[in-house]
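Visitor: Below you'll find run.pdb; it's PDB, C-alpha atoms.
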MODEL        1
ATOM      1  CA  MET A   8      17.368  15.694  -2.504  1.00  0.00           C
ATOM      2  CA  ALA A   9      13.704  14.625  -2.352  1.00  0.00           C
ATOM      3  CA  GLN A  10      12.848  11.041  -3.166  1.00  0.00           C
ATOM      4  CA  GLU A  11      10.720  10.617  -6.278  1.00  0.00           C
ATOM      5  CA  ARG A  12       7.417   8.885  -5.641  1.00  0.00           C
ATOM      6  CA  THR A  13       4.926   7.338  -8.005  1.00  0.00           C
ATOM      7  CA  TYR A  14       1.304   8.013  -7.065  1.00  0.00           C
ATOM      8  CA  LEU A  15      -1.356   5.642  -8.365  1.00  0.00           C
ATOM      9  CA  THR A  16      -5.127   5.627  -8.282  1.00  0.00           C
ATOM     10  CA  THR A  17      -6.870   2.425  -7.215  1.00  0.00           C
ATOM     11  CA  GLU A  18      -7.279   1.489 -10.867  1.00  0.00           C
ATOM     12  CA  GLY A  19      -3.605   2.205 -11.597  1.00  0.00           C
ATOM     13  CA  LEU A  20      -2.496   0.049  -8.672  1.00  0.00           C
ATOM     14  CA  ALA A  21      -4.868  -2.717  -9.812  1.00  0.00           C
ATOM     15  CA  GLU A  22      -3.165  -2.750 -13.219  1.00  0.00           C
ATOM     16  CA  ARG A  23       0.306  -2.948 -11.681  1.00  0.00           C
ATOM     17  CA  ILE A  24      -0.347  -5.754  -9.226  1.00  0.00           C
ATOM     18  CA  HIS A  25      -2.962  -7.584 -11.328  1.00  0.00           C
ATOM     19  CA  TYR A  26      -5.700  -7.373  -8.713  1.00  0.00           C
ATOM     20  CA  ASP A  27      -9.245  -6.197  -9.226  1.00  0.00           C
ATOM     21  CA  ALA A  28      -9.756  -2.592  -8.070  1.00  0.00           C
ATOM     22  CA  ARG A  29     -12.699  -3.754  -5.963  1.00  0.00           C
ATOM     23  CA  THR A  30     -10.462  -6.255  -4.139  1.00  0.00           C
ATOM     24  CA  ILE A  31      -8.012  -3.476  -3.336  1.00  0.00           C
ATOM     25  CA  ARG A  32     -10.786  -1.245  -1.972  1.00  0.00           C
ATOM     26  CA  GLU A  33     -12.621  -3.929  -0.011  1.00  0.00           C
ATOM     27  CA  ARG A  34      -9.922  -6.376   1.132  1.00  0.00           C
ATOM     28  CA  LEU A  35      -6.477  -4.785   1.017  1.00  0.00           C
ATOM     29  CA  LYS A  36      -7.138  -1.170   1.982  1.00  0.00           C
ATOM     30  CA  ASP A  37      -6.884  -0.686   5.742  1.00  0.00           C
ATOM     31  CA  SER A  38      -5.772  -4.270   6.395  1.00  0.00           C
ATOM     32  CA  VAL A  39      -2.625  -4.685   4.284  1.00  0.00           C
ATOM     33  CA  LEU A  40      -2.423  -1.224   2.741  1.00  0.00           C
ATOM     34  CA  ILE A  41      -2.384   1.308   5.577  1.00  0.00           C
ATOM     35  CA  GLU A  42      -3.373   4.969   5.310  1.00  0.00           C
ATOM     36  CA  GLY A  43      -0.377   7.229   5.885  1.00  0.00           C
ATOM     37  CA  ILE A  44       2.050   4.484   4.841  1.00  0.00           C
ATOM     38  CA  HIS A  45       0.784   3.004   1.575  1.00  0.00           C
ATOM     39  CA  TYR A  46      -1.811   5.585   0.613  1.00  0.00           C
ATOM     40  CA  PHE A  47      -3.142   9.026   1.463  1.00  0.00           C
ATOM     41  CA  ARG A  48      -6.069  11.293   0.681  1.00  0.00           C
ATOM     42  CA  PRO A  49      -4.759  14.476  -0.969  1.00  0.00           C
ATOM     43  CA  PHE A  50      -6.274  17.706   0.296  1.00  0.00           C
ATOM     44  CA  GLY A  51      -8.431  15.763   2.767  1.00  0.00           C
ATOM     45  CA  GLY A  52     -10.759  14.595   0.002  1.00  0.00           C
ATOM     46  CA  ARG A  53     -12.288  11.253  -0.858  1.00  0.00           C
ATOM     47  CA  LYS A  54      -9.819  10.394  -3.620  1.00  0.00           C
ATOM     48  CA  ILE A  55      -7.080   7.945  -2.634  1.00  0.00           C
ATOM     49  CA  LEU A  56      -3.554   7.919  -4.048  1.00  0.00           C
ATOM     50  CA  PHE A  57      -1.319   4.917  -3.429  1.00  0.00           C
ATOM     51  CA  ILE A  58       2.462   5.271  -3.068  1.00  0.00           C
ATOM     52  CA  TRP A  59       3.917   2.651  -5.404  1.00  0.00           C
ATOM     53  CA  GLU A  60       7.452   2.540  -3.985  1.00  0.00           C
ATOM     54  CA  THR A  61       6.183   1.774  -0.461  1.00  0.00           C
ATOM     55  CA  ILE A  62       3.790  -0.908  -1.683  1.00  0.00           C
ATOM     56  CA  GLU A  63       6.464  -2.515  -3.856  1.00  0.00           C
ATOM     57  CA  ARG A  64       8.975  -2.478  -0.981  1.00  0.00           C
ATOM     58  CA  ASP A  65       6.518  -4.196   1.342  1.00  0.00           C
ATOM     59  CA  MET A  66       5.397  -6.725  -1.268  1.00  0.00           C
ATOM     60  CA  LEU A  67       8.988  -7.756  -2.022  1.00  0.00           C
ATOM     61  CA  GLY A  68      10.158  -7.558   1.580  1.00  0.00           C
ATOM     62  CA  SER A  69       8.242 -10.522   2.946  1.00  0.00           C
ATOM     63  CA  THR A  70       8.556 -14.163   2.006  1.00  0.00           C
ATOM     64  CA  ASP A  71       6.289 -17.152   2.542  1.00  0.00           C
ATOM     65  CA  ASP A  72       8.630 -18.409   5.294  1.00  0.00           C
ATOM     66  CA  GLU A  73       8.327 -15.186   7.264  1.00  0.00           C
ATOM     67  CA  ILE A  74       5.218 -13.931   8.996  1.00  0.00           C
ATOM     68  CA  ALA A  75       5.186 -10.149   8.980  1.00  0.00           C
ATOM     69  CA  ILE A  76       2.326  -8.076  10.355  1.00  0.00           C
ATOM     70  CA  PRO A  77       2.336  -4.414   9.298  1.00  0.00           C
ATOM     71  CA  MET A  78       1.960  -2.037  12.238  1.00  0.00           C
ATOM     72  CA  ALA A  79       0.186   1.317  12.187  1.00  0.00           C
ATOM     73  CA  SER A  80       3.473   3.065  13.024  1.00  0.00           C
ATOM     74  CA  GLY A  81       4.997   1.788   9.793  1.00  0.00           C
ATOM     75  CA  GLY A  82       7.029  -0.991  11.378  1.00  0.00           C
ATOM     76  CA  THR A  83       6.539  -4.718  11.078  1.00  0.00           C
ATOM     77  CA  CYS A  84       5.812  -7.320  13.756  1.00  0.00           C
ATOM     78  CA  HIS A  85       7.456 -10.680  13.071  1.00  0.00           C
ATOM     79  CA  GLY A  86       5.486 -13.366  14.838  1.00  0.00           C
TER      80      GLY A  86
ENDMDL
END
In structure tokens, how does this file's structure come out?
Guide:
Amino acid sequence: MAQERTYLTTEGLAERIHYDARTIRERLKDSVLIEGIHYFRPFGGRKILFIWETIERDMLGSTDDEIAIPMASGGTCHG
């Protein structure tokens, strides 16, 4: 059975996490939110769709006491 996923535009993600869409584009994308893990470009275009379940999992998975660095492979480095 395929897992259901919720796809959000930048504006939709901004509403959910209460961040400005510009902050997501300029500060979070490609540093915290990684292409291929948290978002993708459908049909190779310019439009970006974020995968809510992955973002939510990663937001809830780390605490202030734990340093977690997301890796390009999808794993996390604890350091």
Visitor: Can you tell me which residues surround stretch 43-51 of chain A at a distance of at most 8 Å, considering only C-alpha atoms, apart from same-chain residues fewer than 5 positions away, and format the answer as a list of chain:residue names?
Guide: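 Within the cut-off, the hits are A:Leu56, A:Phe57, A:Ile58, A:Trp59, A:Thr61, A:Ile62, A:Gly81.
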Visitor: Those residues you just picked out, can you put them in a file as a compact mmCIF listing (two decimals), in the coordinates of the input with C-alpha atoms?
Guide:
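Saved the output as out.txt:
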# COMPACT_ATOMS: atom_id res chain seq x y z
CA LEU A 56 -3.55 7.92 -4.05
CA PHE A 57 -1.32 4.92 -3.43
CA ILE A 58 2.46 5.27 -3.07
CA TRP A 59 3.92 2.65 -5.40
CA THR A 61 6.18 1.77 -0.46
CA ILE A 62 3.79 -0.91 -1.68
CA GLY A 81 5.00 1.79 9.79
Visitor: Carefully work through the PyMOL selection byres ((chain A and resi 79) around 9) for this structure and note down the residues it includes, as a tab-separated table (two decimals) with C-alpha atoms, in the coordinates of the input.
Guide:
chain	number	residue	atom	x	y	z
A	41	ILE	CA	-2.38	1.31	5.58
A	42	GLU	CA	-3.37	4.97	5.31
A	43	GLY	CA	-0.38	7.23	5.88
A	44	ILE	CA	2.05	4.48	4.84
A	77	PRO	CA	2.34	-4.41	9.30
A	78	MET	CA	1.96	-2.04	12.24
A	80	SER	CA	3.47	3.06	13.02
A	81	GLY	CA	5.00	1.79	9.79
A	82	GLY	CA	7.03	-0.99	11.38
A	83	THR	CA	6.54	-4.72	11.08
Visitor: What's the separation between atom CA of A:Ile76 and atom CA of A:Leu40, in Å to one decimal place?
Guide: 11.3 Å
Visitor: Please write out, as lines of an AutoDock Vina configuration file, where the centre of an axis-aligned box around all listed atoms of stretch 22-33 of chain A lies and how long its edges are, in Å to one decimal, after adding 4 Å on each side.
Guide:
center_x = -6.2
center_y = -4.4
center_z = -6.6
size_x = 21.0
size_y = 14.3
size_z = 21.2
Visitor: Hey, what comes out of the PyMOL selection byres ((chain A and resi 23) around 12) on this file? Could you write it as a VMD selection string?
Guide: chain A and resid 13 to 22 24 to 28 31 57 59 to 60 62 to 63
Visitor: Could you check how far atom CA of A:Thr30 sits from atom CA of A:Ile55, in Å to one decimal?
Guide: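 Computing the Euclidean distance for atom CA of A:Thr30 and atom CA of A:Ile55 yields 14.7 Å.
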Visitor: Report, in Å to a single decimal, how far apart atom CA of A:Val39 and atom CA of A:Met66 are.
Guide: 10.0 Å
